[in-house]
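Enquirer: Contents are mmCIF, C-alpha atoms; file name protein.cif:
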data_my_file
loop_
_atom_site.label_atom_id
_atom_site.label_comp_id
_atom_site.auth_asym_id
_atom_site.auth_seq_id
_atom_site.Cartn_x
_atom_site.Cartn_y
_atom_site.Cartn_z
CA MET Y 7 56.95 15.67 -18.34
CA THR Y 8 59.60 12.99 -18.50
CA ALA Y 9 62.96 13.37 -20.12
CA ILE Y 10 63.73 10.90 -22.86
CA ALA Y 11 67.05 9.16 -22.30
CA PRO Y 12 69.30 9.07 -25.34
CA ASP Y 13 69.37 5.73 -27.14
CA PRO Y 14 72.87 4.28 -26.52
CA THR Y 15 72.73 2.37 -29.82
CA VAL Y 16 72.37 5.57 -31.83
CA PRO Y 17 75.58 7.59 -32.17
CA ALA Y 18 75.27 11.12 -30.88
CA ALA Y 19 75.64 14.00 -33.31
CA ASP Y 20 79.32 14.68 -33.77
CA PRO Y 21 80.14 18.20 -32.51
CA ASP Y 22 83.62 17.99 -34.03
CA SER Y 23 82.50 17.02 -37.48
CA GLU Y 24 84.50 19.89 -38.99
CA GLN Y 25 87.74 18.25 -37.89
CA TRP Y 26 89.53 16.18 -40.50
CA THR Y 27 89.73 13.20 -38.16
CA ALA Y 28 85.95 13.20 -37.70
CA LYS Y 29 85.41 13.66 -41.43
CA LEU Y 30 87.75 10.79 -42.21
CA ARG Y 31 86.12 8.57 -39.57
CA ASN Y 32 82.62 9.38 -40.78
CA ARG Y 33 83.61 8.77 -44.38
CA PHE Y 34 85.37 5.46 -43.60
CA PHE Y 35 82.62 3.99 -41.41
CA GLY Y 36 79.95 5.46 -43.65
CA THR Y 37 81.46 3.61 -46.61
CA LEU Y 38 82.47 0.51 -44.67
CA PRO Y 39 80.23 -0.10 -41.66
CA PRO Y 40 81.41 -3.00 -39.45
CA GLU Y 41 78.85 -5.45 -40.90
CA LYS Y 42 80.30 -4.83 -44.35
CA LEU Y 43 83.91 -4.83 -43.18
CA LEU Y 44 83.60 -8.17 -41.36
CA PRO Y 45 80.47 -9.82 -42.77
CA ASP Y 46 79.03 -13.02 -41.36
CA ARG Y 47 76.70 -13.65 -44.29
CA GLN Y 48 77.37 -13.96 -48.01
CA PRO Y 49 75.01 -14.49 -50.96
CA SER Y 50 74.36 -18.14 -51.84
CA TYR Y 51 76.28 -17.94 -55.13
CA VAL Y 52 79.52 -17.55 -53.15
CA THR Y 53 79.32 -21.29 -52.34
CA SER Y 54 81.40 -22.18 -55.38
CA TRP Y 55 85.04 -23.18 -55.69
CA ILE Y 56 85.67 -20.33 -58.13
CA TYR Y 57 85.10 -17.88 -55.25
CA VAL Y 58 87.89 -19.28 -53.05
CA PHE Y 59 90.85 -18.25 -55.19
CA GLY Y 60 90.97 -14.66 -53.98
CA VAL Y 61 91.40 -15.69 -50.37
CA LEU Y 62 93.81 -18.47 -51.40
CA THR Y 63 95.94 -15.78 -53.05
CA ILE Y 64 95.93 -13.75 -49.85
CA ALA Y 65 96.80 -16.86 -47.81
CA ALA Y 66 99.80 -17.47 -50.07
CA LEU Y 67 100.78 -13.81 -49.69
CA VAL Y 68 100.79 -14.17 -45.90
CA VAL Y 69 103.19 -17.14 -46.18
CA ILE Y 70 105.36 -15.15 -48.62
CA VAL Y 71 105.64 -12.20 -46.23
CA ALA Y 72 106.26 -14.38 -43.16
CA SER Y 73 108.96 -16.50 -44.84
CA GLY Y 74 110.44 -13.35 -46.43
CA ILE Y 75 110.83 -11.71 -43.04
CA VAL Y 76 112.71 -14.77 -41.76
CA LEU Y 77 114.97 -14.75 -44.86
CA ALA Y 78 115.66 -11.03 -44.46
CA PHE Y 79 116.71 -11.40 -40.83
CA GLU Y 80 118.80 -14.55 -41.25
CA GLY Y 81 120.54 -13.60 -44.50
CA PRO Y 82 122.02 -15.43 -47.51
CA GLN Y 83 124.76 -17.24 -45.55
CA TRP Y 84 121.97 -18.96 -43.63
CA TYR Y 85 119.49 -19.72 -46.40
CA HIS Y 86 122.13 -20.93 -48.85
CA VAL Y 87 123.88 -23.24 -46.40
CA SER Y 88 121.75 -24.55 -43.55
CA GLY Y 89 119.00 -27.14 -43.89
CA VAL Y 90 116.39 -24.95 -42.21
CA GLY Y 91 117.55 -22.05 -44.38
CA HIS Y 92 117.00 -24.12 -47.52
CA PHE Y 93 113.56 -25.05 -46.26
CA VAL Y 94 112.49 -21.44 -45.58
CA ASN Y 95 114.01 -20.35 -48.89
CA SER Y 96 111.98 -23.04 -50.68
CA LEU Y 97 108.89 -22.11 -48.69
CA HIS Y 98 109.31 -18.52 -49.93
CA LEU Y 99 109.71 -19.65 -53.55
CA TRP Y 100 106.81 -22.13 -53.58
CA SER Y 101 104.43 -19.78 -51.82
CA VAL Y 102 105.20 -17.30 -54.62
CA GLU Y 103 104.46 -20.01 -57.20
CA LEU Y 104 101.13 -20.75 -55.51
CA PHE Y 105 100.41 -17.02 -55.12
CA PHE Y 106 100.63 -16.49 -58.88
CA PHE Y 107 98.83 -19.78 -59.62
CA PHE Y 108 95.87 -18.81 -57.43
CA MET Y 109 95.92 -15.19 -58.63
CA VAL Y 110 95.74 -16.24 -62.29
CA VAL Y 111 92.78 -18.58 -61.63
CA HIS Y 112 91.16 -15.75 -59.62
CA LEU Y 113 91.81 -13.37 -62.53
CA TRP Y 114 90.27 -15.76 -65.07
CA GLY Y 115 87.23 -16.33 -62.86
CA LYS Y 116 86.65 -12.60 -62.45
CA PHE Y 117 87.35 -11.83 -66.11
CA TRP Y 118 84.79 -14.33 -67.44
CA MET Y 119 82.35 -13.13 -64.78
CA ALA Y 120 82.89 -9.52 -65.91
CA ALA Y 121 83.59 -8.66 -62.29
CA TRP Y 122 83.66 -4.93 -63.03
CA ARG Y 123 79.83 -4.98 -63.20
CA GLY Y 124 77.81 -3.23 -60.49
CA ARG Y 125 80.13 -0.24 -59.98
CA ARG Y 126 83.08 -2.54 -59.34
CA ALA Y 127 85.41 -1.01 -61.93
CA MET Y 128 87.88 0.18 -59.29
CA THR Y 129 87.89 -3.26 -57.66
CA TRP Y 130 88.88 -4.76 -61.01
CA ILE Y 131 91.48 -2.05 -61.67
CA SER Y 132 93.05 -2.38 -58.21
CA GLY Y 133 93.32 -6.15 -58.76
CA ALA Y 134 95.03 -5.59 -62.10
CA ILE Y 135 97.47 -3.13 -60.47
CA ALA Y 136 98.15 -5.65 -57.68
CA PHE Y 137 98.95 -8.25 -60.34
CA LEU Y 138 101.43 -5.95 -62.11
CA ALA Y 139 103.06 -4.86 -58.84
CA SER Y 140 103.36 -8.52 -57.82
CA ILE Y 141 105.18 -9.32 -61.06
CA GLY Y 142 107.71 -6.57 -60.28
CA THR Y 143 108.14 -7.85 -56.73
CA ALA Y 144 108.67 -11.43 -57.88
CA PHE Y 145 111.10 -10.27 -60.56
CA THR Y 146 113.26 -8.39 -58.05
CA GLY Y 147 113.09 -11.52 -55.88
CA TYR Y 148 114.74 -13.54 -58.64
CA LEU Y 149 117.42 -10.82 -58.84
CA VAL Y 150 118.34 -11.00 -55.15
CA GLN Y 151 118.70 -14.77 -54.76
CA THR Y 152 122.44 -14.08 -54.46
CA ASN Y 153 123.40 -16.96 -56.74
CA PHE Y 154 124.44 -17.45 -60.38
CA ASP Y 155 120.81 -17.67 -61.41
CA SER Y 156 120.16 -14.11 -60.23
CA GLN Y 157 123.32 -12.91 -62.02
CA TRP Y 158 122.12 -14.49 -65.26
CA ILE Y 159 118.58 -13.10 -64.97
CA SER Y 160 119.80 -9.57 -64.16
CA ALA Y 161 122.27 -9.58 -67.06
CA GLU Y 162 119.52 -10.69 -69.45
CA ALA Y 163 116.94 -8.27 -68.01
CA ARG Y 164 119.33 -5.32 -68.22
CA ASP Y 165 119.12 -5.22 -72.01
CA GLY Y 166 115.35 -5.52 -71.98
CA LEU Y 167 114.88 -2.70 -69.48
CA ASN Y 168 117.45 -0.48 -71.23
CA SER Y 169 115.60 -0.98 -74.50
CA VAL Y 170 112.41 0.48 -73.01
CA GLY Y 171 114.30 3.42 -71.48
CA ILE Y 172 114.00 2.73 -67.75
CA GLY Y 173 117.40 1.13 -67.15
CA ALA Y 174 118.90 4.40 -65.87
CA TRP Y 175 116.74 4.54 -62.74
CA PHE Y 176 115.76 0.88 -62.44
CA ASN Y 177 119.18 -0.73 -62.63
CA VAL Y 178 118.84 -4.49 -62.32
CA LEU Y 179 122.61 -4.89 -61.96
CA ASN Y 180 122.52 -2.79 -58.77
CA VAL Y 181 121.91 -5.47 -56.18
CA GLY Y 182 121.46 -2.94 -53.36
CA GLN Y 183 118.70 -1.16 -55.25
CA MET Y 184 117.00 -4.43 -56.18
CA LEU Y 185 117.31 -5.80 -52.64
CA LEU Y 186 115.70 -2.73 -51.07
CA ALA Y 187 113.02 -2.68 -53.75
CA HIS Y 188 112.26 -6.35 -53.07
CA VAL Y 189 112.25 -6.34 -49.26
CA ALA Y 190 110.91 -2.84 -48.57
CA ALA Y 191 109.37 -0.71 -51.32
CA LEU Y 192 107.57 -3.27 -53.48
CA PRO Y 193 106.09 -5.41 -50.66
CA LEU Y 194 104.74 -2.20 -49.11
CA ILE Y 195 103.20 -1.18 -52.42
CA VAL Y 196 101.72 -4.65 -53.02
CA GLY Y 197 100.42 -4.73 -49.43
CA ILE Y 198 98.71 -1.34 -49.73
CA ILE Y 199 97.12 -2.26 -53.08
CA VAL Y 200 95.90 -5.62 -51.75
CA VAL Y 201 94.34 -3.94 -48.68
CA TRP Y 202 92.72 -1.37 -50.98
CA HIS Y 203 91.44 -4.19 -53.23
CA VAL Y 204 89.97 -6.15 -50.31
CA LEU Y 205 88.29 -3.03 -48.86
CA LEU Y 206 86.72 -2.36 -52.27
CA VAL Y 207 85.46 -5.96 -52.38
CA ARG Y 208 83.94 -5.46 -48.91
CA HIS Y 209 82.43 -2.13 -49.99
CA ARG Y 210 80.82 -3.29 -53.23
CA GLY Y 211 80.28 -6.93 -52.23
CA VAL Y 212 81.31 -10.10 -54.04
CA VAL Y 213 80.32 -9.93 -57.70
CA PRO Y 214 77.39 -12.21 -58.63
CA PRO Y 215 77.51 -14.54 -61.64
CA PHE Y 216 75.50 -13.53 -64.71
CA GLY Y 217 71.80 -13.94 -64.00
CA ALA Y 218 72.21 -13.99 -60.20
CA GLU Y 219 72.29 -10.24 -59.63
CA HIS Y 220 68.94 -10.39 -57.80
CA LEU Y 221 70.50 -12.65 -55.14
CA GLU Y 222 73.19 -10.09 -54.29
CA THR Y 223 71.23 -8.53 -51.44
CA ALA Y 224 68.20 -10.84 -51.21
CA ASP Y 225 70.18 -13.79 -49.84
CA VAL Y 226 71.94 -11.74 -47.18
CA GLU Y 227 68.73 -10.03 -46.05
CA GLU Y 228 66.92 -13.37 -45.93
CA ALA Y 229 69.71 -14.89 -43.84
CA ARG Y 230 69.61 -11.95 -41.42
CA SER Y 231 65.84 -12.08 -40.97
CA MET V 5 113.09 -44.85 -62.77
CA SER V 6 115.05 -42.42 -60.63
CA THR V 7 113.46 -39.40 -58.96
CA GLY V 8 115.63 -37.17 -61.13
CA LEU V 9 114.06 -38.56 -64.30
CA LEU V 10 110.58 -38.27 -62.84
CA ILE V 11 110.76 -34.59 -61.90
CA GLY V 12 113.31 -33.54 -64.50
CA ASP V 13 117.04 -33.11 -64.03
CA LEU V 14 117.56 -29.51 -62.94
CA ASN V 15 121.27 -29.66 -63.84
CA GLN V 16 120.49 -29.89 -67.55
CA PRO V 17 119.26 -27.21 -69.96
CA GLY V 18 115.49 -26.81 -69.79
CA HIS V 19 113.15 -28.38 -72.34
CA TYR V 20 111.35 -26.01 -74.67
CA LEU V 21 108.32 -26.45 -76.89
CA GLN V 22 108.30 -24.68 -80.22
CA TRP V 23 105.35 -23.90 -82.47
CA GLY V 24 106.60 -21.60 -85.21
CA PRO V 25 107.41 -18.26 -83.55
CA VAL V 26 105.95 -19.42 -80.22
CA SER V 27 108.47 -20.83 -77.76
CA ILE V 28 107.67 -21.88 -74.19
CA SER V 29 109.44 -23.99 -71.62
CA THR V 30 107.82 -27.33 -70.87
CA ALA V 31 107.65 -26.39 -67.17
CA ASN V 32 105.72 -23.18 -67.88
CA PHE V 33 103.47 -25.02 -70.34
CA ILE V 34 102.62 -27.65 -67.69
CA VAL V 35 101.84 -24.92 -65.13
CA ILE V 36 99.47 -23.24 -67.62
CA LEU V 37 97.73 -26.57 -68.29
CA LEU V 38 97.40 -27.12 -64.52
CA MET V 39 95.88 -23.64 -64.05
CA ILE V 40 93.34 -24.34 -66.82
CA ALA V 41 92.51 -27.71 -65.23
CA VAL V 42 92.04 -26.16 -61.77
CA PHE V 43 89.91 -23.36 -63.29
CA VAL V 44 87.60 -25.85 -65.02
CA LEU V 45 87.38 -28.05 -61.91
CA ALA V 46 86.51 -24.99 -59.79
CA LEU V 47 83.57 -24.33 -62.11
CA VAL V 48 82.20 -27.87 -62.29
CA LEU V 49 82.94 -29.45 -58.88
CA PRO V 50 80.19 -28.99 -56.28
CA PHE V 51 81.11 -26.93 -53.24
CA PRO V 52 80.83 -28.82 -49.92
CA GLY V 53 77.62 -27.93 -48.12
CA GLY V 54 75.91 -26.71 -51.25
CA LYS V 55 73.79 -23.60 -51.49
CA ASP V 56 71.96 -24.12 -48.19
CA ASP V 57 75.14 -23.81 -46.12
CA ARG V 58 75.61 -20.08 -45.89
#
In structure tokens, how does this file's structure come out?
Expert:
Amino acid sequence: MTAIAPDPTVPAADPDSEQWTAKLRNRFFGTLPPEKLLPDRQPSYVTSWIYVFGVLTIAALVVIVASGIVLAFEGPQWYHVSGVGHFVNSLHLWSVELFFFFMVVHLWGKFWMAAWRGRRAMTWISGAIAFLASIGTAFTGYLVQTNFDSQWISAEARDGLNSVGIGAWFNVLNVGQMLLAHVAALPLIVGIIVVWHVLLVRHRGVVPPFGAEHLETADVEEARS
Amino acid sequence: MSTGLLIGDLNQPGHYLQWGPVSISTANFIVILLMIAVFVLALVLPFPGGKDDR
């Protein structure tokens, strides 16, 4: 009688499966196995320009965060006065403009595709929340430019926010509060929502156009075979 | 024509378009038109490599 060696490609039964770490790990990798998390194949309908605007939005977000970190470390005396400071300041502004430009085209593409089909409701909802959180982050950015423009915008916005009853705890005239919201709290919130959104896209797959639902798995399986 | 006239003089009050109760700055209106144009182009332009390049 010969002993059968355990197959190294098959994970052994987890003796610690009652531990929360094991449960979390099993749940995460059960929902998002590596081939879903970092896929090397996509259905053929993804070869369309309308499918590039999500990743363009993320690319713009990366530039926003990188230039924002430089601005935060160097400070207003630098970005209002020096040539390089002006450049990085402009880079931050224009990457925000492109971020919203790409996100709106992405939103339109997904709306007219009814991208919530195929159990993708939470993907759609997380994208909508990311959009709203991004608006708040951009708004606080305009408030902390530390120039007359930001003074004007905050004075105008104060009345609007007071009229809807949130001016007491979201005080746009409080530059310290707005600065911390812009450089710490809101980017963290946007970042978490975007990661959540991308993981949901990986989990459910990229939504097919109307009439191409049958290609959703067929193309990938054909490419793998 | 100077560059200032081409891109708009930023030291002047902005230009606004008005249709009855609807008011929008020309700059925002142009951005919306550009987004619509890019959206339509993304739908109609062929993607490099086509459907066989997966």
Enquirer: Using the chain letters and numbers from this file, what does the PyMOL selection byres ((chain V and resi 46) around 9) select? Give the answer as a list in words.
Expert: Ser54, Trp55, Ile56, Tyr57 and Val58 of chain Y; Ala41, Val42, Phe43, Val44, Leu45, Leu47, Val48, Leu49, Pro50 and Phe51 of chain V
Enquirer: Export C-alpha atoms of the chosen residues as a PDB file, in the coordinates of the input?
Expert:
ATOM      1  CA  SER Y  54      81.400 -22.180 -55.380  1.00  0.00           C
ATOM      2  CA  TRP Y  55      85.040 -23.180 -55.690  1.00  0.00           C
ATOM      3  CA  ILE Y  56      85.670 -20.330 -58.130  1.00  0.00           C
ATOM      4  CA  TYR Y  57      85.100 -17.880 -55.250  1.00  0.00           C
ATOM      5  CA  VAL Y  58      87.890 -19.280 -53.050  1.00  0.00           C
TER       6      VAL Y  58
ATOM      7  CA  ALA V  41      92.510 -27.710 -65.230  1.00  0.00           C
ATOM      8  CA  VAL V  42      92.040 -26.160 -61.770  1.00  0.00           C
ATOM      9  CA  PHE V  43      89.910 -23.360 -63.290  1.00  0.00           C
ATOM     10  CA  VAL V  44      87.600 -25.850 -65.020  1.00  0.00           C
ATOM     11  CA  LEU V  45      87.380 -28.050 -61.910  1.00  0.00           C
ATOM     12  CA  LEU V  47      83.570 -24.330 -62.110  1.00  0.00           C
ATOM     13  CA  VAL V  48      82.200 -27.870 -62.290  1.00  0.00           C
ATOM     14  CA  LEU V  49      82.940 -29.450 -58.880  1.00  0.00           C
ATOM     15  CA  PRO V  50      80.190 -28.990 -56.280  1.00  0.00           C
ATOM     16  CA  PHE V  51      81.110 -26.930 -53.240  1.00  0.00           C
TER      17      PHE V  51
END
Enquirer: Kindly give the distance, in Å, that separates CA of Pro17 (chain V) and CA of Ser29 (chain V), rounded to a single decimal.
Expert: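 Calculated distance between CA of Pro17 (chain V) and CA of Ser29 (chain V) is 10.5 Å.
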Enquirer: Take the PyMOL selection byres ((chain Y) within 10 of (chain V)), apply it to the structure above, and return the hits as a PyMOL selection string.
Expert: chain Y and resi 46-59+103+107-108+110-112+114-115+225-226+229
Enquirer: Can you tell me, as JSON, numbers by chain, what residues are no more than 9 Å from Leu192 (chain Y) when counting only C-alpha atoms, ignoring any on the same chain fewer than 6 positions away?
Expert: {"Y": [139, 140, 142, 143, 146, 186]}
Enquirer: Suppose we keep C-alpha atoms; can you now write the selection as a PDB file, in the frame of the given file?
Expert:
ATOM      1  CA  ALA Y 139     103.060  -4.860 -58.840  1.00  0.00           C
ATOM      2  CA  SER Y 140     103.360  -8.520 -57.820  1.00  0.00           C
ATOM      3  CA  GLY Y 142     107.710  -6.570 -60.280  1.00  0.00           C
ATOM      4  CA  THR Y 143     108.140  -7.850 -56.730  1.00  0.00           C
ATOM      5  CA  THR Y 146     113.260  -8.390 -58.050  1.00  0.00           C
ATOM      6  CA  LEU Y 186     115.700  -2.730 -51.070  1.00  0.00           C
TER       7      LEU Y 186
END
Enquirer: Could you name the residues that touch region 201-203 of chain Y at 8 Å or less, counting only C-alpha atoms, but leaving out those on the same chain fewer than 3 positions away, as an MDAnalysis selection string?
Expert: chainID Y and resid 129 132:133 197:198 206:207
Enquirer: Of the candidates Y:Ala66, Y:Leu194, Y:Met128, Y:Leu205, which shows the shortest atom-to-atom distance to Pro40 (chain Y), using all atoms listed in the file?
Expert: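 Nearest to Pro40 (chain Y): Y:Leu205.
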Enquirer: Run the PyMOL selection byres ((chain Y and resi 214) around 10) against the file shown and list the residues it catches, as a ChimeraX atom specification.
Expert: /Y:49-52,119-121,123-124,211-213,215-222
Enquirer: Nearest to Gly166 (chain Y) among Y:Val87, Y:Val178, Y:Ala72, Y:Val61, with distances taken over only C-alpha atoms: which residue is it?
Expert: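 Comparing Y:Val87, Y:Val178, Y:Ala72, Y:Val61 against Gly166 (chain Y), the winner is Y:Val178.
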Enquirer: Grab the CA of Leu62 (chain Y) to CA of Ala134 (chain Y) distance for me, in Å with one decimal place.
Expert: 16.8 Å
